[in-house]
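Colleague: Pasting in a structure now, in structure tokens, and then I'll have a few things to ask.
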Amino acid sequence: MDFMDLIEMPRVDNVKVYRQIQNYELNQLVTQKLFGSLNLTSHHLIFITQTDLQKPREEIWIVHSSIDSLEKNVTEAKFQLMIKCKNFQIYFVDFPTAYCCNSIHKSLESLSNLTTENMKLPFFCQTISKINQEDWNFYSIEKSYKRFFPNEDSSEWRISEINNDFKISPSYPKKVIVPKNIDDQALIKSSQFRSMGRFPILSYYHKKTNSFILRSSQPLLGSNNKRCKEDELILKCALPKGKQGYVYDLRDASILKTAVSKGGGYETEVNYPLWKRINKHMDRFDQLHISYSKLIDACINSSTQFFYKLDTSAWFYNIRQALYLSFLIADEIHNKNGCFLIHGWDGLDNTLLISSLAQILLDPESRTLDGFIDLIEKEWLHAGHPFSKRYFKSAFGTTPQKQEGPVFVLFLDCVRQLCEQFCLSFEFNEDFLIMLFDNLYTSEYGTFLGNNQNEREQLLVSSRTVSLWTYVKNEENIKKFINPLYKINDDVIWPSIFTQSLSLWSNLFLRYQINSKPSDEAKKEIVKLVETNLQVKIKVEKLRNDLLELQKEAIDVGVLNSENY
Amino acid sequence: MKLDLEESNVITKIENVQLEDRSNSKIKTAGLLYLTISHLVFIETNSKREIWIYYSLINSIEKLPLSINGSPILIRTKHFLNCLFIISKERDCQTLVQVLNQYSRPTKYHELLCFRENSHLKKLLDSTHKNNQQIYHLESEYARMGLPNNKWTMTNLNSDYQICDTYPNVLFVPASVEDKILQSSANFRSRGRLPVLSYLHPNGASLTRCSQPLSGFNGRCDEDEQLLQHILMTNENSKFMYVVDTRPKINAMANKAQGKGYENETNYKNIQFHFIGIENIHVMRNSLDKLVKCADSSSNSSFLTELEKTEWLKHIKAIIDTSVFLVEAINDQNTSVLVHCSDGWDRTAQTCALASLLLDPYYRSIHGFQVLIEKEWLLFGHKFSHRCGHLFENDKEISPIFSQFLECVWQLQLQFPCAFEFNETYLIKLHEHVYSCQFGTFIGNCQKERNDLKINELTYSLWDYFQSKIYDFINPLYIPNSFYSNSVLRPDTRIFSLKFWRSLYNRFDSAINPSEKLIDSVSMLSYNTSSLQEYSKLLEKRCAQLKKLIQLNKNDENVLIDLSEDDFEKIEISDKNENEKKSFEKKLTLDEISIDFNSIDLNWKSTRKNCVCYEPFDFASSKLNCSRCGEILCERCVENGKYVSHSISPHLEQFNFELAKSNGS
């Protein structure tokens with residue numbers, strides 16, 4: 001299939017575009033009306049205003065894949081298309097004829113819903129910068145292993161390459177960390193007993209207390225109560241003496257029967273005697289998608305009962321729940337003797353959310369820019385979070401398969417809440433999180449393509465697209481993402497999870513509604529203060545050295561009274 | 001403010017008291033309760049944490065049902081501290097309630113704290129700011145607006161408060177108007193509060209304020225109508241003026257039946273009349289009650305729905321919206337506005353003050369803000385003592401009108417972080433001391449009453465106290481000449497832009513507030529910079545001295561020269577003069593250099609750390625670094641001078657200097 005087959009009408013003249021823009025002086029939104037031509041290319045909708053003596057030419061570029069939903073409003077007098085983007089920007093386009101409107105609508109519907117990964121934007125954006133293999137290999141399991149176990153010999157854990165060909169578990173990475181005295185055969189057996197082959201693997205090791213987090217998918221108990229000795233052995237071997245194991249099942253206890261009847265299940269007390277099972281409910285990704293849609297709806301149609309709508313969207317409930325559960329885990333790991341196995345259904349969504357948040361609380365390294373990128377690689381990309389499926393649509397859209405769910409968006413929001421509560425403890429800033437959000441849905445970079453490492457390898461992502469980290473590591477860009485007030489905090493951070501302590505992510509969810517200029521001004525001022533401070537410190541250091549040298553010289557030549565020496 | 005227990009008059013001591021953690025009822029800390037003549041003091045046995053509560057701040061004392069641990073008593077304060085004490089002996093509990101009832105319910109002004117001897121304030125204010133009490137002059141503020149001029153004049157008609165006892169003794173009115181008209185207009189307005197000037201915009205449009213007319217259904221007053229015409233005429237740029245009644249229409253209608261009401265557009269020429277709809281004091285009081293409950297139930301998962309039900313932010317929005325209306329009329333349409341509500345001392349004060357703040361950057365400086373409060377609130381007779389319940393009397397008069405104004409300012413600070421010279425802590429502390437009765441500033445209901453009480457002679461001024469710790473209140477992000485700081489502020493009043501003021505309503509719930517406070521570390525950074533700048537000057541001076549010494553030595557090996565720091569400047573000018581050189585008597589010693597060298601610590605401790613003395617639980621309490629050792633000190637330790645070995649002075653001196661400058665202008 002060629003893109004051109006999808007474009008009936010590459011250009012329409014006499015088009016009006018309406019969008020809301022910020023009038024910075026009056027600090028309010030005004031509707032901007034633009035007149036010009038609309039052009040369709042393989043990846044972009046480009047609107048070009050008519051040249052006019054008074055106004056310079058203006059262009060609006062909209063990537064097809066950034067379109068979340070299209071609503072056509074064709075009456076006798078009006079031929080209008082409403083374009084809602086995945087980043088919450090909304091455009092209204094008035095066409096001169098119904099025919100144009102229908103034609104463009106049809107083309108955009110197809111172009112914005114392309115499911116063929118190979119046709120996605122990053123494969124056509126190799127020129128934005130050089131493909132850098134180093135950035136693609138920025139993270140490796142060996143890196144994590146070395147961090148968790150600086151001394152390999154005394155470690156009870158090893159790296160297994162059992163999944164090297166993605167056969168055992170297609171959604172797992174090639175290499176995983178497992179208990180040392182569990183052989184690969186046992187892993188195969190365990191994988192057959194776990195949904196999607198996702199057997200228990202090490203996610204995080206807390207050096208300070210030698211406690212850890214494992215994650216997996218649900219065991220396939222089924223109605224005839226199957227068991228798997230090898231799976232039981234993994235959990236038994238993993239747990240050192242004196243530690244209490246907890247299976248954190250992110251499903252409500254009431255739902256377990258249904259899970260069993262569908263062939264799934266849970267770790268029974270009889271077969272896993274050392275592990276205590278705790279059921280904690282988290283909304284599944286499809287429910288979360290509904291919550292997200294309600295949240296954005298509240299933000300856009302906010303005139304009445306805003307706080308009530310915000311409450312009923314349950315977005316804050318989900319943030320609280322996620323932070324609360326990670327808090328409990330961090331508390332057990334750091335202050336008590338708990339070790340954890342986390343899973344829900346397939347261990348692709350909430351499992352990753354909770355394990356990565358717990359690590360951010362526990363591990364100072366994950367609060368640095370590099371450490372955070374490692375965390376995203378390890379806990380989301382390598383762990384097989386289905387990015388392609390979950391972020392095919394944003395808050396305005398759905399697909400019939402209903403596979404979308406903004407779990408990673410919730411993760412970003414939780415991290416932002418933490419950044420706000422611990423404004424000195426994170427090396428990266430809010431803009432970095434917003435940049436990740438933007439690239440999640442539509443990107444010129446290949447990082448979030450596909451649903452797991454296996455798919456990314458098949459697509460040859462690393463040789464055909466540029467890594468998002470190449471963009472981040474660029475000297476000019478990285479400056480934008482650094483928190484100027486960052487001071488390393490070696491402690492575990494304990495967030496506040498009261499609703500009053502949480503805030504709406506205005507700079508993201510209200511980004512096209514509020515004026516960010518005054519707060520940008522404040523951010524710049526902070527950067528300036530930090531720079532001035534640094535300069536004066538350098539100056540003082542130099543003066544101190546000068547003074548010491550002069551003092552020495554003065555003593556040497558005998559002009560300084562050194563009687564106290 | 002916390003004092004030394006040794007210096008306070010302890011009436012009684014209660015042992016075996018437990019304080020329940022507000023965020024987790026399972027956590028209880030054991031301690032002792034001291035009742036002094038002015039405070040309730042709880043001292044935790046294990047930690048050194050102390051909680052000091054002024055009786056004057058106590059809002060309610062509630063005995064809860066007996067539990068197995070003893071008798072629980074819930075104390076709520078006006079600055080939103082809630083303490084649940086569990087007292088093991090029932091008799092102690094009765095003593096506590098009895099003492100509190102006796103001391104926390106003054107019925108006469110002279111029983112208030114501010115009239116009592118206060119050794120702590122005496123130490124703090126008399127030494128550093130002796131006789132510095134800033135008496136506010138209305139004339140000088142109007143002079144700043146260029147008044148009197150040919151349009152506006154000052155009248156002494158109210159010099160003895162004879163036409164209106166709740167107005168100031170000088171008033172600004174149109175120059176063309178005769179006293180007779182003013183007199184009659186005053187008679188036609190509720191409580192004599194005739195239309196007078198509040199703020200004059202450089203474009204000629206004015207903001208005037210008054211109370212409702214006593215019009216009833218058909219009543220009219222020729223002179224009052226004339227006065228409005230005179231006000232209209234002062235502004236050449238507009239053919240009409242607005243009269244804004246800030247009440248909901250239905251309230252104004254109800255007033256008609258009592259012989260009051262609003263201006264009839266047909267009687268007053270060229271006016272446009274507007275109702276705006278800010279609710280009355282009773283609605284606001286009830287709304288705050290709900291808000292406090294909502295903030296208090298911290299485990300409440302439906303907090304946002306509860307917040308919606310309080311309608312608090314809706315009221316805040318109404319006040320800001322009204323002020324924006326005034327600003328647009330005056331600034332954008334060059335049209336004068338007359339504002340009133342019922343008596344013109346609540347909603348009128350809120351909106352006139354806020355509109356002035358939006359219009360004029362001067363009011364966003366520390367000094368200007370103080371002037372604004374003095375003018376619109378204190379001099380124009382906002383009934384602080386009634387509204388804040390300073391005395392134990394009619395609680396139907398109590399209403400958070402001024403607090404709402406502070407909250408509006410806070411909402412603006414949030415939206416324009418670089419536009420204000422003062423920070424959030426300033427507003428929170430101001431809120432506290434409006435209620436605390438520790439200073440005379442907000443005591444009484446109008447200027448006349450404060451004069452009668454001899455407030456200026458007998459009490460300390462809050463403004464002096466604030467000046468003594470101005471370093472706590474500076475917004476480190478203030479950029480006076482940025483676009484938003486320099487122009488009319490146009491706040492976004494869409495409901496999602498208004499926030500719940502957590503650091504006020506949950507001020508003492510440390511579990512709810514962020515662990516790391518952004519503004520603290522930014523302040524620290526800017527203090528650190530200014531300290532280091534001072535320090536580098538000192539180092540430069542020493543370096544130059546040493547260089548000179550070495551230089552001189554090379555020139556003449558035999559002449560022994562002693563240099564003193566003070567005389568150093570002279571050397572620069574006359575180092576060729578041998579005789580003068582010999583006259584320097586002080587010696588520059590190694591010790592001196594080393595003292596200077598170590599006078600500052602280069603790596604101040606992060607504000608993440610706490611003061612050595614106690615755990616903070618008050619979100620508004622500030623942290624300061626000792627410039628010498630870099631340690632974090634809390635407000636209390638600094639104020640009490642407990643850590644004399646520490647030095648927080650280098651940057652403080654600078655601020656006192658700056659303030660002196662702004663006061664002088």
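Lettering and numbering for the structure tokens are positional, with chains as A, B, ... in the shown order, residues counted from 1 in each chain, and ligands counted from 1 in the shown order.
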Tell me, as a PyMOL selection string, which residues lie within 10 Å of Val97 in chain B, counting only C-alpha atoms; anything in the same chain fewer than 3 positions away does not count.

Modeller: chain B and resi 61-63+73+92-94+100-103

Colleague: Within range 281-329 of chain B, find each residue whose DSSP state, derived from the backbone, is alpha helix (DSSP H), and express the selection as a PyMOL selection string.

Modeller: chain B and resi 281-296+303-310+312-327

Colleague: May I have the selected residues written with N, CA and C atoms, as a compact mmCIF listing (two decimals), in the first residue's frame?

Modeller:
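Final file, again36.txt:
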# COMPACT_ATOMS: atom_id res chain seq x y z
N ILE B 281 -21.61 38.08 54.37
CA ILE B 281 -20.68 37.55 55.38
C ILE B 281 -21.13 36.20 55.93
N HIS B 282 -22.43 35.98 56.03
CA HIS B 282 -22.91 34.73 56.62
C HIS B 282 -22.64 33.55 55.70
N VAL B 283 -22.86 33.78 54.39
CA VAL B 283 -22.59 32.73 53.41
C VAL B 283 -21.09 32.38 53.43
N MET B 284 -20.26 33.43 53.50
CA MET B 284 -18.81 33.21 53.49
C MET B 284 -18.36 32.45 54.74
N ARG B 285 -18.95 32.80 55.89
CA ARG B 285 -18.59 32.12 57.13
C ARG B 285 -18.91 30.63 57.05
N ASN B 286 -20.13 30.34 56.55
CA ASN B 286 -20.53 28.94 56.44
C ASN B 286 -19.65 28.18 55.44
N SER B 287 -19.30 28.86 54.37
CA SER B 287 -18.46 28.23 53.36
C SER B 287 -17.09 27.87 53.94
N LEU B 288 -16.55 28.79 54.75
CA LEU B 288 -15.24 28.51 55.36
C LEU B 288 -15.34 27.33 56.34
N ASP B 289 -16.44 27.30 57.11
CA ASP B 289 -16.63 26.18 58.04
C ASP B 289 -16.56 24.86 57.29
N LYS B 290 -17.24 24.82 56.15
CA LYS B 290 -17.23 23.59 55.36
C LYS B 290 -15.83 23.30 54.84
N LEU B 291 -15.16 24.35 54.40
CA LEU B 291 -13.81 24.17 53.83
C LEU B 291 -12.86 23.59 54.88
N VAL B 292 -12.97 24.11 56.11
CA VAL B 292 -12.07 23.66 57.16
C VAL B 292 -12.34 22.18 57.46
N LYS B 293 -13.60 21.81 57.48
CA LYS B 293 -13.95 20.40 57.71
C LYS B 293 -13.38 19.54 56.59
N CYS B 294 -13.52 20.05 55.38
CA CYS B 294 -13.07 19.33 54.20
C CYS B 294 -11.55 19.13 54.24
N ALA B 295 -10.84 20.18 54.65
CA ALA B 295 -9.37 20.10 54.70
C ALA B 295 -8.93 19.20 55.85
N ASP B 296 -9.74 19.17 56.90
CA ASP B 296 -9.37 18.45 58.10
C ASP B 296 -9.47 16.93 57.92
N PHE B 303 -12.28 14.19 48.55
CA PHE B 303 -11.92 15.57 48.87
C PHE B 303 -12.38 16.56 47.81
N LEU B 304 -12.18 16.22 46.54
CA LEU B 304 -12.51 17.17 45.48
C LEU B 304 -14.01 17.44 45.40
N THR B 305 -14.80 16.39 45.59
CA THR B 305 -16.26 16.59 45.59
C THR B 305 -16.67 17.46 46.77
N GLU B 306 -16.06 17.18 47.93
CA GLU B 306 -16.34 17.99 49.11
C GLU B 306 -15.94 19.45 48.87
N LEU B 307 -14.79 19.62 48.25
CA LEU B 307 -14.30 20.98 47.95
C LEU B 307 -15.31 21.71 47.06
N GLU B 308 -15.84 21.01 46.09
CA GLU B 308 -16.84 21.59 45.21
C GLU B 308 -18.05 22.06 46.03
N LYS B 309 -18.46 21.22 46.98
CA LYS B 309 -19.66 21.52 47.78
C LYS B 309 -19.47 22.74 48.68
N THR B 310 -18.26 23.01 49.10
CA THR B 310 -18.05 24.16 49.98
C THR B 310 -18.32 25.47 49.24
N TRP B 312 -16.33 27.40 48.17
CA TRP B 312 -15.35 28.40 48.59
C TRP B 312 -14.66 29.04 47.39
N LEU B 313 -14.19 28.20 46.47
CA LEU B 313 -13.46 28.76 45.33
C LEU B 313 -14.39 29.54 44.40
N LYS B 314 -15.66 29.19 44.43
CA LYS B 314 -16.63 29.98 43.67
C LYS B 314 -16.71 31.41 44.22
N HIS B 315 -16.67 31.50 45.55
CA HIS B 315 -16.70 32.83 46.17
C HIS B 315 -15.42 33.60 45.86
N ILE B 316 -14.29 32.91 45.93
CA ILE B 316 -13.01 33.55 45.61
C ILE B 316 -13.05 34.05 44.17
N LYS B 317 -13.57 33.21 43.30
CA LYS B 317 -13.69 33.58 41.88
C LYS B 317 -14.56 34.83 41.72
N ALA B 318 -15.66 34.89 42.46
CA ALA B 318 -16.56 36.05 42.35
C ALA B 318 -15.83 37.34 42.75
N ILE B 319 -15.02 37.26 43.79
CA ILE B 319 -14.30 38.46 44.24
C ILE B 319 -13.28 38.89 43.18
N ILE B 320 -12.54 37.91 42.65
CA ILE B 320 -11.53 38.27 41.64
C ILE B 320 -12.22 38.77 40.37
N ASP B 321 -13.28 38.09 39.96
CA ASP B 321 -14.01 38.52 38.76
C ASP B 321 -14.49 39.96 38.87
N THR B 322 -15.04 40.29 40.05
CA THR B 322 -15.52 41.66 40.26
C THR B 322 -14.38 42.66 40.15
N SER B 323 -13.25 42.30 40.76
CA SER B 323 -12.10 43.20 40.71
C SER B 323 -11.62 43.37 39.27
N VAL B 324 -11.66 42.28 38.51
CA VAL B 324 -11.25 42.35 37.10
C VAL B 324 -12.20 43.28 36.34
N PHE B 325 -13.49 43.21 36.68
CA PHE B 325 -14.46 44.12 36.05
C PHE B 325 -14.07 45.57 36.32
N LEU B 326 -13.70 45.88 37.56
CA LEU B 326 -13.31 47.25 37.91
C LEU B 326 -12.06 47.66 37.13
N VAL B 327 -11.11 46.71 37.03
CA VAL B 327 -9.86 47.00 36.35
C VAL B 327 -10.10 47.29 34.86

Colleague: Give me every strand (DSSP E) residue in range 147-214 of chain A, going by DSSP on the backbone, as a list in words.

Modeller: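 Residues of range 147-214 of chain A classed as strand (DSSP E): Trp157, Arg158, Ile159, Ser160, Val176, Ile177, Val178, Pro179, Ile201, Leu202, Ser203, Tyr204, Tyr205, His206, Ser211, Phe212, Ile213 and Leu214 of chain A.
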
Colleague: Using only C-alpha atoms, which chain A residues lie at most 7 Å away from chain B, written as a count of residues only?

Modeller: 33

Colleague: Could you name the residues that touch His433 in chain B at 10 Å or less, counting only C-alpha atoms, but leaving out those on the same chain fewer than 6 positions away, as a PyMOL selection string?

Modeller: chain B and resi 1+57+79+427+439-442+462

Colleague: Store the residues picked out above in a file with N, CA, C and O atoms, as a short mmCIF file (atom, residue, chain, number, x, y, z; two decimals), in the first residue's frame.

Modeller:
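Result written to result-v4.cif:
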data_model
loop_
_atom_site.label_atom_id
_atom_site.label_comp_id
_atom_site.auth_asym_id
_atom_site.auth_seq_id
_atom_site.Cartn_x
_atom_site.Cartn_y
_atom_site.Cartn_z
N MET B 1 4.48 32.57 67.19
CA MET B 1 5.75 32.95 67.80
C MET B 1 5.95 32.12 69.07
O MET B 1 5.02 31.89 69.83
N LEU B 57 -5.79 32.76 69.61
CA LEU B 57 -5.99 32.10 68.32
C LEU B 57 -6.96 30.93 68.41
O LEU B 57 -7.34 30.34 67.40
N HIS B 79 -5.94 29.85 62.97
CA HIS B 79 -4.99 29.68 61.87
C HIS B 79 -4.84 28.21 61.47
O HIS B 79 -3.82 27.81 60.94
N LEU B 427 1.81 36.22 53.50
CA LEU B 427 0.35 36.18 53.56
C LEU B 427 -0.11 35.27 54.70
O LEU B 427 -1.06 35.59 55.42
N PHE B 439 -0.42 42.07 68.25
CA PHE B 439 -0.04 43.42 67.81
C PHE B 439 -1.31 44.26 67.73
O PHE B 439 -2.40 43.73 67.52
N GLY B 440 -1.14 45.56 67.87
CA GLY B 440 -2.32 46.42 67.89
C GLY B 440 -2.90 46.72 66.52
O GLY B 440 -4.04 47.17 66.40
N THR B 441 -2.09 46.46 65.49
CA THR B 441 -2.43 46.91 64.14
C THR B 441 -3.88 46.61 63.72
O THR B 441 -4.55 47.47 63.17
N PHE B 442 -4.35 45.39 63.97
CA PHE B 442 -5.67 45.03 63.48
C PHE B 442 -6.74 45.03 64.57
O PHE B 442 -7.82 44.50 64.38
N LEU B 462 2.39 45.39 63.96
CA LEU B 462 2.73 44.17 63.21
C LEU B 462 3.74 44.49 62.12
O LEU B 462 4.64 43.70 61.84
#

Colleague: So which residues touch Ile276 in chain B within 8 Å, counting only C-alpha atoms, skipping near sequence neighbours fewer than 4 positions away, as a VMD selection string?

Modeller: chain B and resid 244 to 249 322
